[in-house]
Amino acid sequence: MVSTRRAFLSAAGAAAVAAAAAGTAADRIEAEADTRSRPDGGGVVPFFGRHQAGIATPTQEHLTFVAFDLVSDSRGDLRGLLQAWSAAASNLTRGELVGSVETGTAPPVDTGEAIGLGPARLTVTFGIGPAVFAPQRGFGLSTLRPAALVDLPAFPGVEALQASISGGDLAVQACADDPQVAFHAVHDLIRTAGGVAVPRWLLSGFGRTGNTSDTPTPRNFMGFKDGTNNIPVDDQQALTQFVWIGSEAPAWMQGGSYMVVRRVEMLLGAWDATALNDQERTFGRRKVSGAPLTGVHERDPLRLDARVNGLPVIPGNAHIRLASPTYNDGQQILRRGYSYVDGIDGSAETVAGGLLFICYQRDPRTQFIPIQRRLAAADALNRHILHVGSAIFACPPGAGPGGFVGDALFT
Ligand code: HEM
């Protein structure tokens with residue numbers, strides 16, 4: 001069975017690589033870039049570069065995220081998969097196919113649903129989970145595990161993690177301004193992985209919660225602006241300080257970043273029945289304007305020490321107080337989450353859904369973990385949410401032309 005599926009991978013992967021190289025007219029789709037009001041002025045976000053795209057890229061409107069389990073223990077298979085994925089992703093992000101659709105009696109190599117949709121600012125970001133570095137796996141990578149790629153600790157009180165929607169050996173984060181373009185990328189990359197990796201969990205989302213400096217801050221399902229005090233993706237100094245990994249890590253990770261993913265269910269029935277005043281005190285911000293309770297405008301600075309009648313204006317357990325750099329040794333993270341819908345909730349009173357919280361950082365031991373510990377201990381938001389999924393991945397630096405994401409692992 002495995003060998004048959006491996007043979008499929010070789011065939012599909014090789015076909016993808018060959019198609020990438022050939023780039024025949026029949027397989028090429030014109031990039032129909034929607035240049036209107038796009039921050040980058042065009043529809044193509046380059047796949048190759050110093051850093052992987054999809055981290056400091058201005059957030060696109062849609063996400064499809066998939067985590068995989070490796071079903072092969074062969075170093076060559078892993079290398080071949082990462083190589084085939086990068087070749088496919090470089091095509092996809094240019095709005096091209098991963099291989100031929102017009103295959104006659106054979107199944108099309110590309111599934112075809114993105115034909116004509118253009119690149120839609122697609123980014124495909126790859127991550128590698130901690131278990132890939134375990135000595136008992138056959139990849140020979142145990143000495144290359146970065147110390148910062150830790151298994152996340154438990155955060156009692158705020159989580160009821162489900163194994164089937166947590167973890168993973170490999171991750172693909174596909175973001176695009178068109179949901180079908182994001183889905184198509186994942187659809188084809190799953191096919192490319194056949195026999196070497198199988199999908200473990202998958203989630204699509206919309207309503208990005210990260211902000212860019214020149215677009216209005218989006219709102220989460222609780223109705224609050226989400227992303228106001230995020231690291232701006234054009235703030236190179238902050239990215240260098242908090243997001244991109246430097247010389248502290250093994251060479252293969254320098255220029256990369258660590259991704260933490262948390263599937264956070266919102267208990268929307270109870271939230272929707274909560275008084276506005278309490279909702280605002282939960283976050284420490286006004287619902288409509290997004291202003292901190294100590295200000296008038298969204299971007300007004302937090303005044304965490306402001307008091308009225310001896311009481312803090314931004315409550316002691318407000319989300320923004322506990323998550324702020326002031327309470328976390330000056331640390332920040334780059335948030336890049338998406339809202340998701342998951343049917344109706346158990347009581348059939350309202351929708352089930354929440355936030356696929358995704359954040360990037362230089363070291364989760366000093367960034368996500370302590371911030372989340374502080375939130376888990378006291379955040380007023382805790383009674384309205386439940387973390388049900390969790391994963392961490394090392395996202396290597398970007399690939400150079402001719403290279404592939406993760407290639408330095410195999411040198
Ligand atoms: C469903 C879960 C969550 C919701 C609905 C949520 C919502 C919000 C909102 C509305 C803000 C204020 C606006 C802003 O600055 O973006 C905010 C800020 C923030 N959140 Fe969350 N959040 C969630 C989970 C988390 C988690 C798990 C973390 C990290 C462990 C986190 C870290 C932060 C940080 C660092 C800020 C900025 C604080 C500041 O410096 O002002 N959030 N969040």
# chains A, B, ... in the order shown; residues from 1 in each chain; ligands from 1
$ select_by_dssp --residues "range 127-230 of chain A" --states "strand (DSSP E or B)" --output "PyMOL selection string"
chain A and resi 127-128+159+170-176+197-206+219+225
$ select_by_dssp --residues "range 161-339 of chain A" --states "helix (DSSP H, G or I)" --output "NGL selection string"
:A and (163-165 or 179-193 or 236-242 or 251-253 or 268-272 or 276-283 or 319-323 or 325-327)
$ residues_around --residues "Val261 in chain A" --least-positions-apart "6" --cutoff "9 Å" --atoms "only C-alpha atoms" --output "list in words"
Ser166, Gly337, Leu356, Phe357, Ile358, Cys359, Gly389, Ser390, Ala391, Ile392 and Phe393 of chain A
$ closest_residue --among "A:Lys287, A:His297, A:Arg365, A:Arg307" --to "ligand 1" --atoms "only C-alpha atoms and all ligand atoms"
A:Lys287
$ closest_atom_pairs --of "chain A" --to "ligand 1" --cutoff "8 Å" --atoms "only C-alpha atoms and all ligand atoms" --output "CSV"
residue,atom,partner,partner_atom_place_in_ligand_line,distance
A:Thr209,CA,ligand 1,16 (O),7.6
A:Gly210,CA,ligand 1,16 (O),7.5
A:Arg219,CA,ligand 1,10 (C),7.7
A:Asn220,CA,ligand 1,5 (C),6.3
A:Phe221,CA,ligand 1,5 (C),7.5
A:Met222,CA,ligand 1,5 (C),6.6
A:Phe224,CA,ligand 1,10 (C),5.0
A:Lys225,CA,ligand 1,10 (C),5.3
A:Asp226,CA,ligand 1,16 (O),4.0
A:Gly227,CA,ligand 1,16 (O),3.2
A:Thr228,CA,ligand 1,15 (O),3.9
A:Asn229,CA,ligand 1,15 (O),3.6
A:Asn230,CA,ligand 1,16 (O),5.6
A:Arg262,CA,ligand 1,27 (C),7.0
A:Val264,CA,ligand 1,1 (C),5.2
A:Glu265,CA,ligand 1,1 (C),6.6
A:Met266,CA,ligand 1,1 (C),6.0
A:Phe283,CA,ligand 1,10 (C),6.0
A:Gly284,CA,ligand 1,12 (C),7.8
A:Arg285,CA,ligand 1,12 (C),6.9
A:Gly290,CA,ligand 1,13 (C),7.1
A:Leu302,CA,ligand 1,41 (O),7.1
A:His319,CA,ligand 1,43 (N),6.5
A:Ile320,CA,ligand 1,38 (C),4.4
A:Arg321,CA,ligand 1,38 (C),6.7
A:Leu322,CA,ligand 1,38 (C),7.5
A:Ala323,CA,ligand 1,35 (C),4.5
A:Ser324,CA,ligand 1,40 (O),3.6
A:Pro325,CA,ligand 1,40 (O),5.6
A:Thr326,CA,ligand 1,40 (O),7.8
A:Gln332,CA,ligand 1,35 (C),6.0
A:Ile333,CA,ligand 1,35 (C),6.1
A:Arg335,CA,ligand 1,32 (C),7.4
A:Gly354,CA,ligand 1,1 (C),6.1
A:Leu355,CA,ligand 1,1 (C),5.1
A:Leu356,CA,ligand 1,1 (C),7.8
A:Phe357,CA,ligand 1,27 (C),6.4
A:Cys359,CA,ligand 1,29 (C),7.8
A:Phe368,CA,ligand 1,30 (C),5.2
A:Ile369,CA,ligand 1,30 (C),7.0
A:Pro370,CA,ligand 1,30 (C),7.9
A:Ile371,CA,ligand 1,30 (C),5.0
A:Gln372,CA,ligand 1,30 (C),3.9
A:Arg373,CA,ligand 1,30 (C),7.7
A:Leu375,CA,ligand 1,30 (C),6.7
A:Leu381,CA,ligand 1,3 (C),7.6
A:Ile385,CA,ligand 1,1 (C),6.0
A:Leu386,CA,ligand 1,1 (C),7.9
$ residues_around --residues "Glu113 in chain A" --least-positions-apart "6" --cutoff "12 Å" --atoms "only C-alpha atoms" --output "list in words"
Ile29, Leu92, Gly95, Glu96, Leu97, Val98, Val101, Asp178, Pro179, Gln180, Val181, Ala182, Phe183, His184, Ala185, Val186, His187 and Asp188 of chain A
$ atom_distance --atom1 "CA of Pro135 in chain A" --atom2 "CA of Ala154 in chain A"
23.5 Å
$ closest_residue --among "A:Gly138, A:Gly255, A:Pro153, A:Pro232" --to "Pro58 in chain A" --atoms "only C-alpha atoms"
A:Pro232
$ atom_distance --atom1 "CA of Pro216 in chain A" --atom2 "CA of Gln60 in chain A"
13.0 Å
$ closest_atom_pairs --of "range 212-315 of chain A" --to "range 120-127 of chain A" --cutoff "12 Å" --atoms "only C-alpha atoms" --output "tab-separated table"
residue	atom	partner	partner_atom	distance
A:Met253	CA	A:Gly127	CA	11.0
A:Gly256	CA	A:Gly127	CA	9.8
A:Ser257	CA	A:Gly127	CA	9.2
A:Tyr258	CA	A:Gly127	CA	8.3
A:Met259	CA	A:Gly127	CA	7.6
A:Val260	CA	A:Gly127	CA	10.2
A:Val261	CA	A:Gly127	CA	11.1
$ write_last_selection --atoms "N, CA and C atoms" --output "short mmCIF file (atom, residue, chain, number, x, y, z; two decimals), in the first residue's frame"
data_model
loop_
_atom_site.label_atom_id
_atom_site.label_comp_id
_atom_site.auth_asym_id
_atom_site.auth_seq_id
_atom_site.Cartn_x
_atom_site.Cartn_y
_atom_site.Cartn_z
N MET A 253 17.35 27.60 10.29
CA MET A 253 16.15 28.33 10.72
C MET A 253 16.34 29.85 10.71
N GLY A 256 13.80 32.45 9.54
CA GLY A 256 12.48 31.83 9.67
C GLY A 256 11.73 32.38 10.88
N SER A 257 10.71 31.65 11.30
CA SER A 257 9.90 32.10 12.43
C SER A 257 9.16 30.89 13.00
N TYR A 258 8.74 30.98 14.26
CA TYR A 258 7.94 29.91 14.85
C TYR A 258 6.47 30.30 14.80
N MET A 259 5.65 29.34 14.34
CA MET A 259 4.21 29.58 14.23
C MET A 259 3.51 28.80 15.34
N VAL A 260 2.68 29.49 16.10
CA VAL A 260 1.80 28.82 17.07
C VAL A 260 0.37 28.97 16.57
N VAL A 261 -0.35 27.87 16.56
CA VAL A 261 -1.74 27.87 16.10
C VAL A 261 -2.62 27.39 17.23
#
$ atom_distance --atom1 "CA of Val198 in chain A" --atom2 "CA of Gly402 in chain A"
26.0 Å
$ closest_residue --among "A:Gly205, A:Pro364, A:Gln331, A:Pro312" --to "Leu152 in chain A" --atoms "only C-alpha atoms"
A:Pro364
$ closest_residue --among "A:Arg336, A:Arg281, A:Arg362, A:Arg75" --to "Val132 in chain A" --atoms "only C-alpha atoms"
A:Arg75
